[in-house]
$ cat model34.pdb   # PDB, C-alpha atoms and all ligand atoms
ATOM      1  CA  MET A  78      39.055 103.034 289.918  1.00  0.00           C
ATOM      2  CA  SER A  79      36.819 103.585 286.864  1.00  0.00           C
ATOM      3  CA  VAL A  80      35.785 107.138 286.048  1.00  0.00           C
ATOM      4  CA  PHE A  81      32.402 105.783 284.955  1.00  0.00           C
ATOM      5  CA  ALA A  82      30.479 104.425 287.916  1.00  0.00           C
ATOM      6  CA  PRO A  83      27.625 102.222 286.609  1.00  0.00           C
ATOM      7  CA  GLN A  84      24.327 104.092 286.343  1.00  0.00           C
ATOM      8  CA  ARG A  85      20.868 103.243 285.025  1.00  0.00           C
ATOM      9  CA  VAL A  86      19.354 105.744 282.607  1.00  0.00           C
ATOM     10  CA  ARG A  87      16.042 105.853 280.790  1.00  0.00           C
ATOM     11  CA  LEU A  88      15.750 106.410 277.044  1.00  0.00           C
ATOM     12  CA  ARG A  89      13.006 108.381 275.323  1.00  0.00           C
ATOM     13  CA  ASP A  90      11.107 105.144 274.543  1.00  0.00           C
ATOM     14  CA  GLY A  91      10.919 104.328 278.282  1.00  0.00           C
ATOM     15  CA  SER A  92      13.507 101.542 278.183  1.00  0.00           C
ATOM     16  CA  GLU A  93      16.438 101.417 280.586  1.00  0.00           C
ATOM     17  CA  VAL A  94      20.111 101.014 279.781  1.00  0.00           C
ATOM     18  CA  VAL A  95      23.179 100.848 281.998  1.00  0.00           C
ATOM     19  CA  LEU A  96      26.023 103.261 281.365  1.00  0.00           C
ATOM     20  CA  ARG A  97      29.273 101.726 282.566  1.00  0.00           C
ATOM     21  CA  CYS A  98      32.947 101.367 281.834  1.00  0.00           C
ATOM     22  CA  PHE A  99      33.965  99.190 278.854  1.00  0.00           C
ATOM     23  CA  ARG A 100      35.485  95.873 279.969  1.00  0.00           C
ATOM     24  CA  PRO A 101      38.318  94.925 277.596  1.00  0.00           C
ATOM     25  CA  GLY A 102      38.131  91.271 276.613  1.00  0.00           C
ATOM     26  CA  GLU A 103      34.724  90.576 278.130  1.00  0.00           C
ATOM     27  CA  ASP A 104      32.905  93.259 276.068  1.00  0.00           C
ATOM     28  CA  MET A 105      34.726  92.747 272.788  1.00  0.00           C
ATOM     29  CA  ALA A 106      32.185  90.405 271.141  1.00  0.00           C
ATOM     30  CA  ALA A 107      29.247  92.660 272.058  1.00  0.00           C
ATOM     31  CA  TRP A 108      31.195  95.703 270.841  1.00  0.00           C
ATOM     32  CA  CYS A 109      31.758  93.989 267.456  1.00  0.00           C
ATOM     33  CA  GLU A 110      28.030  93.176 267.273  1.00  0.00           C
ATOM     34  CA  MET A 111      27.283  96.863 267.869  1.00  0.00           C
ATOM     35  CA  ILE A 112      29.611  97.778 265.003  1.00  0.00           C
ATOM     36  CA  ARG A 113      27.833  95.296 262.719  1.00  0.00           C
ATOM     37  CA  SER A 114      24.482  96.902 263.565  1.00  0.00           C
ATOM     38  CA  CYS A 115      25.714 100.337 262.409  1.00  0.00           C
ATOM     39  CA  SER A 116      25.039 101.772 258.971  1.00  0.00           C
ATOM     40  CA  ARG A 117      27.983 102.627 256.727  1.00  0.00           C
ATOM     41  CA  GLU A 118      27.161 106.314 257.222  1.00  0.00           C
ATOM     42  CA  THR A 119      27.321 106.019 261.027  1.00  0.00           C
ATOM     43  CA  LEU A 120      30.682 104.232 260.807  1.00  0.00           C
ATOM     44  CA  TRP A 121      31.989 106.890 258.434  1.00  0.00           C
ATOM     45  CA  ARG A 122      30.976 109.648 260.807  1.00  0.00           C
ATOM     46  CA  ARG A 123      32.758 108.010 263.727  1.00  0.00           C
ATOM     47  CA  PHE A 124      35.734 106.177 262.194  1.00  0.00           C
ATOM     48  CA  GLU A 125      36.005 107.594 258.666  1.00  0.00           C
ATOM     49  CA  LEU A 126      35.620 103.979 257.512  1.00  0.00           C
ATOM     50  CA  ARG A 127      32.477 102.536 255.976  1.00  0.00           C
ATOM     51  CA  SER A 128      33.024  98.779 256.266  1.00  0.00           C
ATOM     52  CA  PRO A 129      31.800  97.126 259.497  1.00  0.00           C
ATOM     53  CA  GLU A 130      34.225  94.249 258.944  1.00  0.00           C
ATOM     54  CA  ALA A 131      37.207  96.604 258.606  1.00  0.00           C
ATOM     55  CA  ILE A 132      36.465  97.597 262.207  1.00  0.00           C
ATOM     56  CA  ALA A 133      34.943  94.422 263.710  1.00  0.00           C
ATOM     57  CA  SER A 134      37.835  92.289 262.436  1.00  0.00           C
ATOM     58  CA  LYS A 135      40.325  94.307 264.521  1.00  0.00           C
ATOM     59  CA  PRO A 136      38.517  95.197 267.744  1.00  0.00           C
ATOM     60  CA  GLU A 137      41.728  95.335 269.800  1.00  0.00           C
ATOM     61  CA  GLU A 138      42.952  98.110 267.555  1.00  0.00           C
ATOM     62  CA  PHE A 139      39.760 100.150 267.898  1.00  0.00           C
ATOM     63  CA  CYS A 140      39.291  99.506 271.623  1.00  0.00           C
ATOM     64  CA  ARG A 141      42.826 100.053 272.799  1.00  0.00           C
ATOM     65  CA  CYS A 142      42.661 101.234 276.401  1.00  0.00           C
ATOM     66  CA  GLU A 143      45.873 102.798 277.652  1.00  0.00           C
ATOM     67  CA  PRO A 144      45.454 102.711 281.455  1.00  0.00           C
ATOM     68  CA  GLY A 145      44.980 106.215 282.808  1.00  0.00           C
ATOM     69  CA  SER A 146      44.568 107.871 279.440  1.00  0.00           C
ATOM     70  CA  ASP A 147      41.789 106.078 277.503  1.00  0.00           C
ATOM     71  CA  HIS A 148      38.333 105.871 279.062  1.00  0.00           C
ATOM     72  CA  ILE A 149      35.527 104.098 277.207  1.00  0.00           C
ATOM     73  CA  LEU A 150      31.936 104.406 278.381  1.00  0.00           C
ATOM     74  CA  VAL A 151      29.386 101.946 277.010  1.00  0.00           C
ATOM     75  CA  ALA A 152      25.590 101.785 277.078  1.00  0.00           C
ATOM     76  CA  GLU A 153      24.504  98.206 277.741  1.00  0.00           C
ATOM     77  CA  ARG A 154      21.155  96.463 277.800  1.00  0.00           C
ATOM     78  CA  GLY A 155      20.786  92.728 278.310  1.00  0.00           C
ATOM     79  CA  GLY A 156      24.350  92.011 277.223  1.00  0.00           C
ATOM     80  CA  LYS A 157      24.085  94.152 274.083  1.00  0.00           C
ATOM     81  CA  ILE A 158      26.166  97.283 273.647  1.00  0.00           C
ATOM     82  CA  LEU A 159      24.052 100.024 272.085  1.00  0.00           C
ATOM     83  CA  GLY A 160      26.571 102.851 271.995  1.00  0.00           C
ATOM     84  CA  GLU A 161      29.769 104.224 273.447  1.00  0.00           C
ATOM     85  CA  ALA A 162      31.643 107.432 274.202  1.00  0.00           C
ATOM     86  CA  ARG A 163      35.331 107.953 274.795  1.00  0.00           C
ATOM     87  CA  LEU A 164      37.788 110.272 276.389  1.00  0.00           C
ATOM     88  CA  CYS A 165      41.377 109.916 275.208  1.00  0.00           C
ATOM     89  CA  LEU A 166      43.611 112.064 277.346  1.00  0.00           C
ATOM     90  CA  PHE A 167      46.642 113.691 275.774  1.00  0.00           C
ATOM     91  CA  PRO A 168      49.967 113.444 277.645  1.00  0.00           C
ATOM     92  CA  GLY A 169      49.782 115.602 280.750  1.00  0.00           C
ATOM     93  CA  GLY A 170      45.999 115.101 281.025  1.00  0.00           C
ATOM     94  CA  GLU A 171      45.005 118.757 280.516  1.00  0.00           C
ATOM     95  CA  ALA A 172      43.285 118.021 277.198  1.00  0.00           C
ATOM     96  CA  ALA A 173      41.352 115.069 275.827  1.00  0.00           C
ATOM     97  CA  GLU A 174      39.729 113.979 272.606  1.00  0.00           C
ATOM     98  CA  PHE A 175      36.050 113.122 272.838  1.00  0.00           C
ATOM     99  CA  CYS A 176      34.021 110.898 270.515  1.00  0.00           C
ATOM    100  CA  VAL A 177      30.631 109.206 270.653  1.00  0.00           C
ATOM    101  CA  LEU A 178      28.711 106.574 268.700  1.00  0.00           C
ATOM    102  CA  VAL A 179      25.183 105.229 268.948  1.00  0.00           C
ATOM    103  CA  ALA A 180      24.325 102.255 266.732  1.00  0.00           C
ATOM    104  CA  ASP A 181      21.544 103.011 264.251  1.00  0.00           C
ATOM    105  CA  PRO A 182      18.702 101.017 265.857  1.00  0.00           C
ATOM    106  CA  TRP A 183      19.009 103.150 269.022  1.00  0.00           C
ATOM    107  CA  GLN A 184      19.641 106.588 267.566  1.00  0.00           C
ATOM    108  CA  GLY A 185      17.177 109.397 268.260  1.00  0.00           C
ATOM    109  CA  LEU A 186      16.248 108.077 271.745  1.00  0.00           C
ATOM    110  CA  GLY A 187      18.450 110.434 273.736  1.00  0.00           C
ATOM    111  CA  LEU A 188      21.328 107.989 274.190  1.00  0.00           C
ATOM    112  CA  GLY A 189      23.920 110.126 272.363  1.00  0.00           C
ATOM    113  CA  SER A 190      23.063 113.036 274.668  1.00  0.00           C
ATOM    114  CA  LEU A 191      23.279 110.840 277.790  1.00  0.00           C
ATOM    115  CA  LEU A 192      26.647 109.369 276.769  1.00  0.00           C
ATOM    116  CA  THR A 193      27.983 112.826 275.943  1.00  0.00           C
ATOM    117  CA  ASP A 194      26.858 114.390 279.221  1.00  0.00           C
ATOM    118  CA  THR A 195      28.268 111.469 281.230  1.00  0.00           C
ATOM    119  CA  ALA A 196      31.617 111.735 279.429  1.00  0.00           C
ATOM    120  CA  LEU A 197      31.728 115.507 279.982  1.00  0.00           C
ATOM    121  CA  GLY A 198      31.115 114.983 283.706  1.00  0.00           C
ATOM    122  CA  ALA A 199      33.925 112.415 283.848  1.00  0.00           C
ATOM    123  CA  ALA A 200      36.281 114.757 281.981  1.00  0.00           C
ATOM    124  CA  ARG A 201      35.686 117.410 284.655  1.00  0.00           C
ATOM    125  CA  ARG A 202      36.352 114.903 287.441  1.00  0.00           C
ATOM    126  CA  LEU A 203      39.586 113.868 285.725  1.00  0.00           C
ATOM    127  CA  GLY A 204      40.738 117.489 285.725  1.00  0.00           C
ATOM    128  CA  VAL A 205      40.602 117.852 281.944  1.00  0.00           C
ATOM    129  CA  ARG A 206      40.566 121.551 280.993  1.00  0.00           C
ATOM    130  CA  ARG A 207      40.012 121.297 277.234  1.00  0.00           C
ATOM    131  CA  LEU A 208      38.047 118.828 275.119  1.00  0.00           C
ATOM    132  CA  VAL A 209      38.554 118.484 271.380  1.00  0.00           C
ATOM    133  CA  VAL A 210      36.610 116.615 268.734  1.00  0.00           C
ATOM    134  CA  GLU A 211      37.036 116.054 265.006  1.00  0.00           C
ATOM    135  CA  VAL A 212      33.991 115.520 262.816  1.00  0.00           C
ATOM    136  CA  VAL A 213      33.232 115.377 259.117  1.00  0.00           C
ATOM    137  CA  PRO A 214      31.517 118.645 258.075  1.00  0.00           C
ATOM    138  CA  GLU A 215      28.265 116.966 256.962  1.00  0.00           C
ATOM    139  CA  ASN A 216      27.743 115.648 260.517  1.00  0.00           C
ATOM    140  CA  VAL A 217      25.261 118.316 261.528  1.00  0.00           C
ATOM    141  CA  THR A 218      23.733 116.144 264.282  1.00  0.00           C
ATOM    142  CA  ILE A 219      26.890 115.960 266.395  1.00  0.00           C
ATOM    143  CA  VAL A 220      27.852 119.576 265.676  1.00  0.00           C
ATOM    144  CA  ARG A 221      24.459 120.761 266.992  1.00  0.00           C
ATOM    145  CA  LEU A 222      24.575 118.386 269.960  1.00  0.00           C
ATOM    146  CA  LEU A 223      28.018 119.659 270.983  1.00  0.00           C
ATOM    147  CA  GLU A 224      27.351 123.327 270.230  1.00  0.00           C
ATOM    148  CA  LYS A 225      24.445 123.098 272.683  1.00  0.00           C
ATOM    149  CA  ARG A 226      27.018 121.985 275.258  1.00  0.00           C
ATOM    150  CA  GLY A 227      29.405 124.864 274.634  1.00  0.00           C
ATOM    151  CA  PHE A 228      31.684 123.474 271.918  1.00  0.00           C
ATOM    152  CA  THR A 229      32.815 125.848 269.186  1.00  0.00           C
ATOM    153  CA  PHE A 230      33.740 124.566 265.713  1.00  0.00           C
ATOM    154  CA  ARG A 231      36.092 125.684 262.980  1.00  0.00           C
ATOM    155  CA  ARG A 232      36.875 124.146 259.606  1.00  0.00           C
ATOM    156  CA  ASP A 233      40.363 122.912 258.789  1.00  0.00           C
ATOM    157  CA  PRO A 234      41.964 124.826 255.876  1.00  0.00           C
ATOM    158  CA  ASP A 235      40.925 122.314 253.194  1.00  0.00           C
ATOM    159  CA  GLY A 236      37.384 122.043 254.597  1.00  0.00           C
ATOM    160  CA  ARG A 237      37.564 118.262 255.092  1.00  0.00           C
ATOM    161  CA  ILE A 238      37.183 118.241 258.886  1.00  0.00           C
ATOM    162  CA  PHE A 239      35.482 120.364 261.529  1.00  0.00           C
ATOM    163  CA  PHE A 240      37.495 120.815 264.708  1.00  0.00           C
ATOM    164  CA  GLY A 241      35.432 121.321 267.853  1.00  0.00           C
ATOM    165  CA  GLU A 242      36.693 122.567 271.165  1.00  0.00           C
ATOM    166  CA  LYS A 243      35.307 123.205 274.630  1.00  0.00           C
ATOM    167  CA  HIS A 244      37.044 124.662 277.661  1.00  0.00           C
ATOM    168  CA  LEU A 245      35.847 123.122 280.929  1.00  0.00           C
ATOM    169  CA  ASP A 246      35.426 125.331 283.991  1.00  0.00           C
TER     170      ASP A 246
HETATM  171  C1  LIG B   1      25.651 111.770 266.854  1.00  0.00           C
HETATM  172  C2  LIG B   1      24.971 110.614 267.596  1.00  0.00           C
HETATM  173  C3  LIG B   1      25.944 110.078 268.645  1.00  0.00           C
HETATM  174  C4  LIG B   1      23.716 111.107 268.263  1.00  0.00           C
HETATM  175  O1  LIG B   1      23.177 110.027 268.989  1.00  0.00           O
HETATM  176  P1  LIG B   1      21.602 109.926 269.291  1.00  0.00           P
HETATM  177  O2  LIG B   1      21.402 108.888 270.310  1.00  0.00           O
HETATM  178  O3  LIG B   1      20.860 109.781 268.037  1.00  0.00           O
HETATM  179  O4  LIG B   1      21.363 111.384 269.901  1.00  0.00           O
HETATM  180  P2  LIG B   1      20.109 111.899 270.726  1.00  0.00           P
HETATM  181  O5  LIG B   1      18.937 110.994 270.531  1.00  0.00           O
HETATM  182  O6  LIG B   1      20.562 112.187 272.100  1.00  0.00           O
HETATM  183  O7  LIG B   1      19.803 113.246 269.965  1.00  0.00           O
HETATM  184  C5  LIG B   1      20.667 114.351 270.080  1.00  0.00           C
HETATM  185  C6  LIG B   1      20.113 115.496 269.275  1.00  0.00           C
HETATM  186  O8  LIG B   1      20.309 115.207 267.876  1.00  0.00           O
HETATM  187  C7  LIG B   1      19.069 115.241 267.193  1.00  0.00           C
HETATM  188  N1  LIG B   1      19.122 114.172 266.190  1.00  0.00           N
HETATM  189  C8  LIG B   1      19.245 112.853 266.433  1.00  0.00           C
HETATM  190  N2  LIG B   1      19.285 112.196 265.250  1.00  0.00           N
HETATM  191  C9  LIG B   1      19.181 113.134 264.289  1.00  0.00           C
HETATM  192  C10 LIG B   1      19.156 113.089 262.876  1.00  0.00           C
HETATM  193  N3  LIG B   1      19.265 111.942 262.201  1.00  0.00           N
HETATM  194  N4  LIG B   1      19.034 114.252 262.199  1.00  0.00           N
HETATM  195  C11 LIG B   1      18.943 115.420 262.840  1.00  0.00           C
HETATM  196  N5  LIG B   1      18.964 115.538 264.197  1.00  0.00           N
HETATM  197  C12 LIG B   1      19.074 114.396 264.896  1.00  0.00           C
HETATM  198  C13 LIG B   1      18.026 114.998 268.246  1.00  0.00           C
HETATM  199  O9  LIG B   1      16.796 115.575 267.874  1.00  0.00           O
HETATM  200  C14 LIG B   1      18.603 115.674 269.460  1.00  0.00           C
HETATM  201  O10 LIG B   1      18.362 117.059 269.430  1.00  0.00           O
HETATM  202  P3  LIG B   1      17.760 117.787 270.725  1.00  0.00           P
HETATM  203  O11 LIG B   1      18.831 117.686 271.775  1.00  0.00           O
HETATM  204  O12 LIG B   1      17.549 119.173 270.246  1.00  0.00           O
HETATM  205  O13 LIG B   1      16.535 117.042 271.082  1.00  0.00           O
HETATM  206  C15 LIG B   1      24.576 109.467 266.614  1.00  0.00           C
HETATM  207  O14 LIG B   1      23.777 110.020 265.593  1.00  0.00           O
HETATM  208  C16 LIG B   1      25.760 108.771 266.008  1.00  0.00           C
HETATM  209  O15 LIG B   1      26.303 107.839 266.573  1.00  0.00           O
HETATM  210  N6  LIG B   1      26.191 109.201 264.820  1.00  0.00           N
HETATM  211  C17 LIG B   1      27.294 108.551 264.110  1.00  0.00           C
HETATM  212  C18 LIG B   1      28.613 108.684 264.817  1.00  0.00           C
HETATM  213  C19 LIG B   1      28.979 110.133 265.033  1.00  0.00           C
HETATM  214  O16 LIG B   1      28.594 111.001 264.282  1.00  0.00           O
HETATM  215  N7  LIG B   1      29.785 110.384 266.063  1.00  0.00           N
HETATM  216  C20 LIG B   1      30.268 111.721 266.335  1.00  0.00           C
HETATM  217  C21 LIG B   1      31.669 111.898 265.874  1.00  0.00           C
HETATM  218  S1  LIG B   1      32.778 111.600 267.186  1.00  0.00           S
END

$ encode --input "model34.pdb" --output "structure tokens"
Amino acid sequence: MSVFAPQRVRLRDGSEVVLRCFRPGEDMAAWCEMIRSCSRETLWRRFELRSPEAIASKPEEFCRCEPGSDHILVAERGGKILGEARLCLFPGGEAAEFCVLVADPWQGLGLGSLLTDTALGAARRLGVRRLVVEVVPENVTIVRLLEKRGFTFRRDPDGRIFFGEKHLD
């Protein structure tokens, strides 16, 4: 059973989106369209790649879903995917990596917060005890968003990456 039961949520502009589990195969074309609607900066912050085509040409690689360990949540409206969040459980399932992306046209409407909170709730239900995240240091938006939710950050020794961590109760 999916860890993300479908739910309707309202964005800051009053519009509704559905948060639901990613459907491999069926959602791939819409996922690639989402990637193409992202700025190079957004893609860099999420994938450390700037070219939409480098990602959209290999969707299977970027949407690999290992049953039981990879959980992708998408925000969908009218067949379009506006954003996604992921939990990738490490072997044993006690820890997971978290990441989130909202395509540029829909940023600033509360969707990143909604995806994050939904993924955190799912992580708890899955019994995950520790969440980790890696971000580029200039990504102040996600650092603030996650610090508000109890993540703490430290820089790696060469300062290239911020590592974030949160222990779940
Ligand atoms: C980080 C990201 C997911 C946030 O998504 P979003 O839908 O814009 O987020 P929200 O609208 O929920 O806003 C979250 C907070 O960030 C703030 N924020 C949003 N865009 C911002 C910007 N460009 N500059 C500064 N703050 C910003 C909001 O004011 C809000 O703060 P609040 O909770 O105090 O009100 C989105 O910017 C994104 O996809 N970035 C690129 C990918 C990325 O960085 N992923 C994280 C690495 S895994």

$ resolve_selection --input "model34.pdb" --expression "the PyMOL selection byres (((chain A and resi 126-129) around 9) and not hetatm)" --output "PyMOL selection string"
chain A and resi 109+112-125+130-134

$ residues_near_ligand --input "model34.pdb" --ligand "ligand LIG 1 (chain B)" --cutoff "8 Å" --atoms "only C-alpha atoms and all ligand atoms" --output "PyMOL selection string"
chain A and resi 118-124+160+175-181+183-191+210-213+216-219+221-222+225

$ atom_distance --input "model34.pdb" --atom1 "CA of Leu208 (chain A)" --atom2 "CA of Leu164 (chain A)"
8.7 Å

$ atom_distance --input "model34.pdb" --atom1 "CA of Pro234 (chain A)" --atom2 "CA of Ala172 (chain A)"
22.4 Å

$ atom_distance --input "model34.pdb" --atom1 "CA of Lys243 (chain A)" --atom2 "CA of Phe99 (chain A)"
24.4 Å

$ closest_residue --input "model34.pdb" --among "A:Arg231, A:His244, A:Arg100, A:Arg237" --to "Ile158 (chain A)" --atoms "all atoms listed in the file"
A:Arg100

$ closest_residue --input "model34.pdb" --among "A:Lys157, A:Trp108, A:Glu215, A:Val209" --to "Thr229 (chain A)" --atoms "all atoms listed in the file"
A:Val209

$ closest_residue --input "model34.pdb" --among "A:Gly204, A:Glu93, A:Gly156, A:Leu197" --to "Gly227 (chain A)" --atoms "only C-alpha atoms"
A:Leu197

$ closest_residue --input "model34.pdb" --among "A:Ile238, A:Val95, A:Leu192, A:Ala106" --to "Ala162 (chain A)" --atoms "all atoms listed in the file"
A:Leu192

$ build_atoms --input "model34.pdb" --residues "region 180-202 of chain A" --atoms "N, CA, C and O atoms" --output "compact mmCIF listing (two decimals), keeping the file's coordinate frame"
# COMPACT_ATOMS: atom_id res chain seq x y z
N ALA A 180 24.67 103.10 267.87
CA ALA A 180 24.32 102.26 266.73
C ALA A 180 22.94 102.63 266.22
O ALA A 180 22.05 103.02 266.99
N ASP A 181 22.76 102.49 264.91
CA ASP A 181 21.54 103.01 264.25
C ASP A 181 20.22 102.62 264.89
O ASP A 181 19.33 103.47 265.03
N PRO A 182 20.03 101.36 265.33
CA PRO A 182 18.70 101.02 265.86
C PRO A 182 18.31 101.83 267.09
O PRO A 182 17.13 101.89 267.43
N TRP A 183 19.30 102.44 267.77
CA TRP A 183 19.01 103.15 269.02
C TRP A 183 19.25 104.65 268.92
O TRP A 183 19.24 105.35 269.93
N GLN A 184 19.45 105.14 267.71
CA GLN A 184 19.64 106.59 267.57
C GLN A 184 18.30 107.31 267.73
O GLN A 184 17.23 106.75 267.49
N GLY A 185 18.38 108.56 268.14
CA GLY A 185 17.18 109.40 268.26
C GLY A 185 16.39 109.16 269.54
O GLY A 185 15.29 109.67 269.71
N LEU A 186 16.96 108.38 270.48
CA LEU A 186 16.25 108.08 271.74
C LEU A 186 16.87 108.80 272.94
O LEU A 186 16.54 108.52 274.09
N GLY A 187 17.82 109.68 272.65
CA GLY A 187 18.45 110.43 273.74
C GLY A 187 19.75 109.83 274.23
O GLY A 187 20.40 110.39 275.12
N LEU A 188 20.13 108.67 273.67
CA LEU A 188 21.33 107.99 274.19
C LEU A 188 22.61 108.77 273.89
O LEU A 188 23.50 108.86 274.74
N GLY A 189 22.72 109.34 272.69
CA GLY A 189 23.92 110.13 272.36
C GLY A 189 24.10 111.28 273.34
O GLY A 189 25.22 111.57 273.78
N SER A 190 23.00 111.92 273.71
CA SER A 190 23.06 113.04 274.67
C SER A 190 23.50 112.52 276.04
O SER A 190 24.33 113.13 276.71
N LEU A 191 22.94 111.39 276.47
CA LEU A 191 23.28 110.84 277.79
C LEU A 191 24.75 110.43 277.86
O LEU A 191 25.44 110.70 278.85
N LEU A 192 25.23 109.78 276.80
CA LEU A 192 26.65 109.37 276.77
C LEU A 192 27.55 110.60 276.79
O LEU A 192 28.55 110.64 277.50
N THR A 193 27.17 111.61 276.01
CA THR A 193 27.98 112.83 275.94
C THR A 193 28.03 113.51 277.30
O THR A 193 29.11 113.88 277.78
N ASP A 194 26.88 113.68 277.94
CA ASP A 194 26.86 114.39 279.22
C ASP A 194 27.63 113.61 280.30
O ASP A 194 28.30 114.21 281.14
N THR A 195 27.53 112.28 280.25
CA THR A 195 28.27 111.47 281.23
C THR A 195 29.78 111.60 281.00
O THR A 195 30.56 111.72 281.95
N ALA A 196 30.18 111.59 279.73
CA ALA A 196 31.62 111.74 279.43
C ALA A 196 32.12 113.13 279.82
O ALA A 196 33.23 113.26 280.34
N LEU A 197 31.30 114.15 279.60
CA LEU A 197 31.73 115.51 279.98
C LEU A 197 31.91 115.61 281.50
O LEU A 197 32.86 116.22 281.98
N GLY A 198 31.00 114.99 282.24
CA GLY A 198 31.12 114.98 283.71
C GLY A 198 32.40 114.28 284.14
O GLY A 198 33.11 114.75 285.04
N ALA A 199 32.71 113.16 283.49
CA ALA A 199 33.92 112.42 283.85
C ALA A 199 35.17 113.23 283.51
O ALA A 199 36.14 113.22 284.26
N ALA A 200 35.12 113.93 282.38
CA ALA A 200 36.28 114.76 281.98
C ALA A 200 36.57 115.80 283.06
O ALA A 200 37.71 116.01 283.45
N ARG A 201 35.51 116.41 283.58
CA ARG A 201 35.69 117.41 284.65
C ARG A 201 36.33 116.76 285.88
O ARG A 201 37.26 117.30 286.46
N ARG A 202 35.81 115.58 286.25
CA ARG A 202 36.35 114.90 287.44
C ARG A 202 37.82 114.51 287.26
O ARG A 202 38.58 114.46 288.21
